[in-house]
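Participant: I have a structure I would like to understand better, so I am pasting it below and will then ask my questions one at a time.
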Amino acid sequence: MSLLSEWREEAYSKDMNKKEGQLYWGKYFAVEKGIYEQLLASPSEVVEGTVKELAEKYGTTVRIMTGFLDGINESLIKENPIEDMTEDTPVNLGFDLEKLYYNMVAAEADWLYNLPAWENLIPAERRKELYLKQRKSGTIVREKKIGRNDPCPCGSGKKYKFCCGRNA
């Protein structure tokens with residue numbers, strides 16, 4: 001079984017409505033926040049190493065680091081091979097700042113997208129744009145339905161029911 005499969009099996013078997021699940025995810029989110037604080041302190045530095053080396057660097061387990069890598073992967077400039085990685089797989093954490101912020105908003109991880117470090121990395125106006133863009137991405141906008149007696153949108157001047165609506 002791959003590291004990613006082991007992580008997902010363990011993590012997603014925890015019920016967030018029970019104390020065990022709340023403790024597990026609370027610990028994970030604290031570790032995750034700590035890693036992001038370190039990464040955002042030096043955003044131009046690309047952190048590289050094996051999964052095991054990064055786990056040691058950030059003071060966590062290989063399994064928790066696997067979960068972190070799973071979470072950050074879509075925000076990386078070059079994604080890591082997370083599906084079949086082992087402890088010895090070399091990975092990098094070279095991320096795109098705006099993509100990372102956008103994905104944190106998408107994950108509703110307010111403890112991450114509200115980190116103070118963002119104030120020095122992306123201007124407030126741009127963060128607001130990214131936030132709104134992400135929020136609107138899930139909104140379905142329905143166009144106004146054309147009524148039978150409305151002017152036809154093709155521009156013929158006829159009523160819709162006598163023009164393009166005739167074949168509908």
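Each chain in the structure tokens gets a letter, A, B, ..., in the order shown, and its residues are numbered from 1; ligands are numbered from 1 in order too.
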Mind checking which residues fall within 9 Å of segment 62-70 of chain A, counting only C-alpha atoms, ignoring those fewer than 6 positions away in the same chain, and posting them as a ChimeraX atom specification?
Facilitator: /A:3-4,6-8,11,28,31-32,35,51-56,80,82-83,85,87,91,93
Participant: Could you please write out, as an MDAnalysis selection string, every residue of segment 1-166 of chain A that DSSP assigns to strand (DSSP E or B)?
Facilitator: chainID A and resid 48:50 76 90:92 95 151 159
Participant: Would you please extract all helix (DSSP H, G or I) residues from segment 44-141 of chain A, as assigned by DSSP on the backbone, and give them as a PyMOL selection string?
Facilitator: chain A and resi 51-57+62-75+82-84+97-106+110-113+118-121+124-137
Participant: Report, in Å to a single decimal, how far apart atom CA of Leu76 of chain A and atom CA of Asp15 of chain A are.
Facilitator: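 Between atom CA of Asp15 of chain A and atom CA of Leu76 of chain A the gap works out to 29.1 Å.
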Participant: Between A:Val46, A:Met16, A:Leu132, A:Ile140, which one has atoms that come closest to Asp96 of chain A, using only C-alpha atoms?
Facilitator: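 The closest residue to Asp96 of chain A is A:Val46.
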Participant: So that I can see what lies close to Ala117 of chain A, please list as a short mmCIF file (atom, residue, chain, number, x, y, z; two decimals) with all heavy atoms, in the first residue's frame the residues with an atom at most 8 Å from it, counting only C-alpha atoms and leaving out residues fewer than 5 positions away in the same chain.
Facilitator:
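Result went into result-v9.cif, see below:
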data_model
loop_
_atom_site.label_atom_id
_atom_site.label_comp_id
_atom_site.auth_asym_id
_atom_site.auth_seq_id
_atom_site.Cartn_x
_atom_site.Cartn_y
_atom_site.Cartn_z
N GLU A 37 3.75 28.29 7.97
CA GLU A 37 4.39 29.49 8.52
C GLU A 37 5.87 29.53 8.16
O GLU A 37 6.40 30.58 7.79
CB GLU A 37 4.21 29.54 10.05
CG GLU A 37 2.81 29.90 10.46
CD GLU A 37 2.56 29.78 11.96
OE1 GLU A 37 3.23 28.96 12.63
OE2 GLU A 37 1.67 30.49 12.45
N LEU A 40 6.16 30.15 4.25
CA LEU A 40 5.82 31.51 3.85
C LEU A 40 6.82 32.53 4.37
O LEU A 40 6.90 33.65 3.87
CB LEU A 40 4.40 31.87 4.32
CG LEU A 40 3.28 31.07 3.65
CD1 LEU A 40 1.93 31.41 4.27
CD2 LEU A 40 3.25 31.31 2.15
N ALA A 41 7.62 32.14 5.37
CA ALA A 41 8.66 33.04 5.87
C ALA A 41 9.76 33.23 4.83
O ALA A 41 10.41 34.28 4.79
CB ALA A 41 9.25 32.50 7.17
#
Participant: If you count only C-alpha atoms, which residues fall within 12 Å of segment 119-127 of chain A, apart from same-chain ones fewer than 3 positions away, as a PDB file with N, CA, C and O atoms, in the first residue's frame?
Facilitator:
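File produced: around_34.pdb:
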ATOM      1  N   LEU A  39       7.279  27.905   5.551  1.00  0.00           N
ATOM      2  CA  LEU A  39       7.405  28.059   4.093  1.00  0.00           C
ATOM      3  C   LEU A  39       7.160  29.506   3.666  1.00  0.00           C
ATOM      4  O   LEU A  39       7.868  30.032   2.806  1.00  0.00           O
ATOM      5  N   LEU A  40       6.159  30.148   4.245  1.00  0.00           N
ATOM      6  CA  LEU A  40       5.815  31.514   3.854  1.00  0.00           C
ATOM      7  C   LEU A  40       6.824  32.533   4.374  1.00  0.00           C
ATOM      8  O   LEU A  40       6.901  33.646   3.866  1.00  0.00           O
ATOM      9  N   ALA A  41       7.623  32.142   5.365  1.00  0.00           N
ATOM     10  CA  ALA A  41       8.659  33.041   5.874  1.00  0.00           C
ATOM     11  C   ALA A  41       9.764  33.233   4.831  1.00  0.00           C
ATOM     12  O   ALA A  41      10.414  34.277   4.788  1.00  0.00           O
ATOM     13  N   SER A  42       9.979  32.243   3.979  1.00  0.00           N
ATOM     14  CA  SER A  42      10.974  32.305   2.898  1.00  0.00           C
ATOM     15  C   SER A  42      10.361  31.742   1.623  1.00  0.00           C
ATOM     16  O   SER A  42      10.736  30.656   1.176  1.00  0.00           O
ATOM     17  N   PRO A  43       9.415  32.456   1.017  1.00  0.00           N
ATOM     18  CA  PRO A  43       8.680  31.893  -0.118  1.00  0.00           C
ATOM     19  C   PRO A  43       9.511  31.638  -1.373  1.00  0.00           C
ATOM     20  O   PRO A  43       9.143  30.801  -2.190  1.00  0.00           O
ATOM     21  N   SER A  44      10.631  32.326  -1.522  1.00  0.00           N
ATOM     22  CA  SER A  44      11.443  32.115  -2.722  1.00  0.00           C
ATOM     23  C   SER A  44      12.368  30.902  -2.589  1.00  0.00           C
ATOM     24  O   SER A  44      12.903  30.420  -3.577  1.00  0.00           O
ATOM     25  N   ASP A  96       3.421  28.117  -6.057  1.00  0.00           N
ATOM     26  CA  ASP A  96       2.970  29.360  -6.671  1.00  0.00           C
ATOM     27  C   ASP A  96       2.157  30.082  -5.599  1.00  0.00           C
ATOM     28  O   ASP A  96       1.140  29.555  -5.134  1.00  0.00           O
ATOM     29  N   LEU A  97       2.585  31.267  -5.187  1.00  0.00           N
ATOM     30  CA  LEU A  97       1.945  31.990  -4.081  1.00  0.00           C
ATOM     31  C   LEU A  97       0.445  32.179  -4.276  1.00  0.00           C
ATOM     32  O   LEU A  97      -0.349  31.875  -3.385  1.00  0.00           O
ATOM     33  N   GLU A  98       0.057  32.709  -5.419  1.00  0.00           N
ATOM     34  CA  GLU A  98      -1.354  33.010  -5.641  1.00  0.00           C
ATOM     35  C   GLU A  98      -2.195  31.734  -5.733  1.00  0.00           C
ATOM     36  O   GLU A  98      -3.308  31.681  -5.230  1.00  0.00           O
ATOM     37  N   LYS A  99      -1.642  30.727  -6.362  1.00  0.00           N
ATOM     38  CA  LYS A  99      -2.344  29.452  -6.478  1.00  0.00           C
ATOM     39  C   LYS A  99      -2.531  28.829  -5.092  1.00  0.00           C
ATOM     40  O   LYS A  99      -3.582  28.280  -4.787  1.00  0.00           O
ATOM     41  N   LEU A 100      -1.504  28.944  -4.259  1.00  0.00           N
ATOM     42  CA  LEU A 100      -1.576  28.409  -2.902  1.00  0.00           C
ATOM     43  C   LEU A 100      -2.663  29.125  -2.108  1.00  0.00           C
ATOM     44  O   LEU A 100      -3.492  28.497  -1.459  1.00  0.00           O
ATOM     45  N   TYR A 101      -2.684  30.455  -2.176  1.00  0.00           N
ATOM     46  CA  TYR A 101      -3.700  31.228  -1.457  1.00  0.00           C
ATOM     47  C   TYR A 101      -5.100  30.845  -1.946  1.00  0.00           C
ATOM     48  O   TYR A 101      -6.003  30.590  -1.152  1.00  0.00           O
ATOM     49  N   TYR A 102      -5.267  30.796  -3.257  1.00  0.00           N
ATOM     50  CA  TYR A 102      -6.548  30.446  -3.880  1.00  0.00           C
ATOM     51  C   TYR A 102      -7.020  29.075  -3.400  1.00  0.00           C
ATOM     52  O   TYR A 102      -8.186  28.890  -3.043  1.00  0.00           O
ATOM     53  N   ASN A 103      -6.116  28.100  -3.390  1.00  0.00           N
ATOM     54  CA  ASN A 103      -6.470  26.741  -2.977  1.00  0.00           C
ATOM     55  C   ASN A 103      -6.776  26.656  -1.481  1.00  0.00           C
ATOM     56  O   ASN A 103      -7.596  25.841  -1.061  1.00  0.00           O
ATOM     57  N   MET A 104      -6.133  27.496  -0.677  1.00  0.00           N
ATOM     58  CA  MET A 104      -6.446  27.532   0.753  1.00  0.00           C
ATOM     59  C   MET A 104      -7.870  28.052   0.964  1.00  0.00           C
ATOM     60  O   MET A 104      -8.606  27.555   1.818  1.00  0.00           O
ATOM     61  N   VAL A 105      -8.242  29.061   0.169  1.00  0.00           N
ATOM     62  CA  VAL A 105      -9.609  29.584   0.240  1.00  0.00           C
ATOM     63  C   VAL A 105     -10.588  28.493  -0.199  1.00  0.00           C
ATOM     64  O   VAL A 105     -11.623  28.279   0.431  1.00  0.00           O
ATOM     65  N   TYR A 113      -5.248  30.702   5.196  1.00  0.00           N
ATOM     66  CA  TYR A 113      -5.273  31.888   4.337  1.00  0.00           C
ATOM     67  C   TYR A 113      -5.358  33.185   5.135  1.00  0.00           C
ATOM     68  O   TYR A 113      -5.236  34.265   4.576  1.00  0.00           O
ATOM     69  N   ASN A 114      -5.514  33.078   6.458  1.00  0.00           N
ATOM     70  CA  ASN A 114      -5.481  34.268   7.313  1.00  0.00           C
ATOM     71  C   ASN A 114      -4.162  34.400   8.082  1.00  0.00           C
ATOM     72  O   ASN A 114      -4.067  35.216   8.998  1.00  0.00           O
ATOM     73  N   LEU A 115      -3.166  33.602   7.714  1.00  0.00           N
ATOM     74  CA  LEU A 115      -1.864  33.719   8.377  1.00  0.00           C
ATOM     75  C   LEU A 115      -1.301  35.129   8.154  1.00  0.00           C
ATOM     76  O   LEU A 115      -1.412  35.677   7.055  1.00  0.00           O
ATOM     77  N   PRO A 116      -0.692  35.729   9.165  1.00  0.00           N
ATOM     78  CA  PRO A 116      -0.144  37.087   9.027  1.00  0.00           C
ATOM     79  C   PRO A 116       0.896  37.220   7.909  1.00  0.00           C
ATOM     80  O   PRO A 116       1.043  38.295   7.328  1.00  0.00           O
ATOM     81  N   LEU A 130      -8.553  37.282  -5.304  1.00  0.00           N
ATOM     82  CA  LEU A 130      -8.416  35.827  -5.344  1.00  0.00           C
ATOM     83  C   LEU A 130      -9.508  35.151  -4.520  1.00  0.00           C
ATOM     84  O   LEU A 130     -10.074  34.139  -4.931  1.00  0.00           O
ATOM     85  N   TYR A 131      -9.809  35.729  -3.363  1.00  0.00           N
ATOM     86  CA  TYR A 131     -10.851  35.182  -2.491  1.00  0.00           C
ATOM     87  C   TYR A 131     -12.195  35.194  -3.209  1.00  0.00           C
ATOM     88  O   TYR A 131     -12.900  34.186  -3.265  1.00  0.00           O
ATOM     89  N   LEU A 132     -12.550  36.341  -3.769  1.00  0.00           N
ATOM     90  CA  LEU A 132     -13.836  36.466  -4.467  1.00  0.00           C
ATOM     91  C   LEU A 132     -13.901  35.588  -5.708  1.00  0.00           C
ATOM     92  O   LEU A 132     -14.931  34.975  -6.003  1.00  0.00           O
ATOM     93  N   LYS A 133     -12.792  35.506  -6.438  1.00  0.00           N
ATOM     94  CA  LYS A 133     -12.742  34.654  -7.637  1.00  0.00           C
ATOM     95  C   LYS A 133     -13.018  33.200  -7.264  1.00  0.00           C
ATOM     96  O   LYS A 133     -13.783  32.512  -7.925  1.00  0.00           O
ATOM     97  N   GLN A 134     -12.403  32.739  -6.182  1.00  0.00           N
ATOM     98  CA  GLN A 134     -12.602  31.360  -5.767  1.00  0.00           C
ATOM     99  C   GLN A 134     -14.041  31.150  -5.313  1.00  0.00           C
ATOM    100  O   GLN A 134     -14.671  30.175  -5.670  1.00  0.00           O
TER     101      GLN A 134
END
Participant: For the atom pair atom CA of Pro81 of chain A and atom CA of Arg135 of chain A, what is the interatomic distance in Å to one decimal place?
Facilitator: 28.7 Å
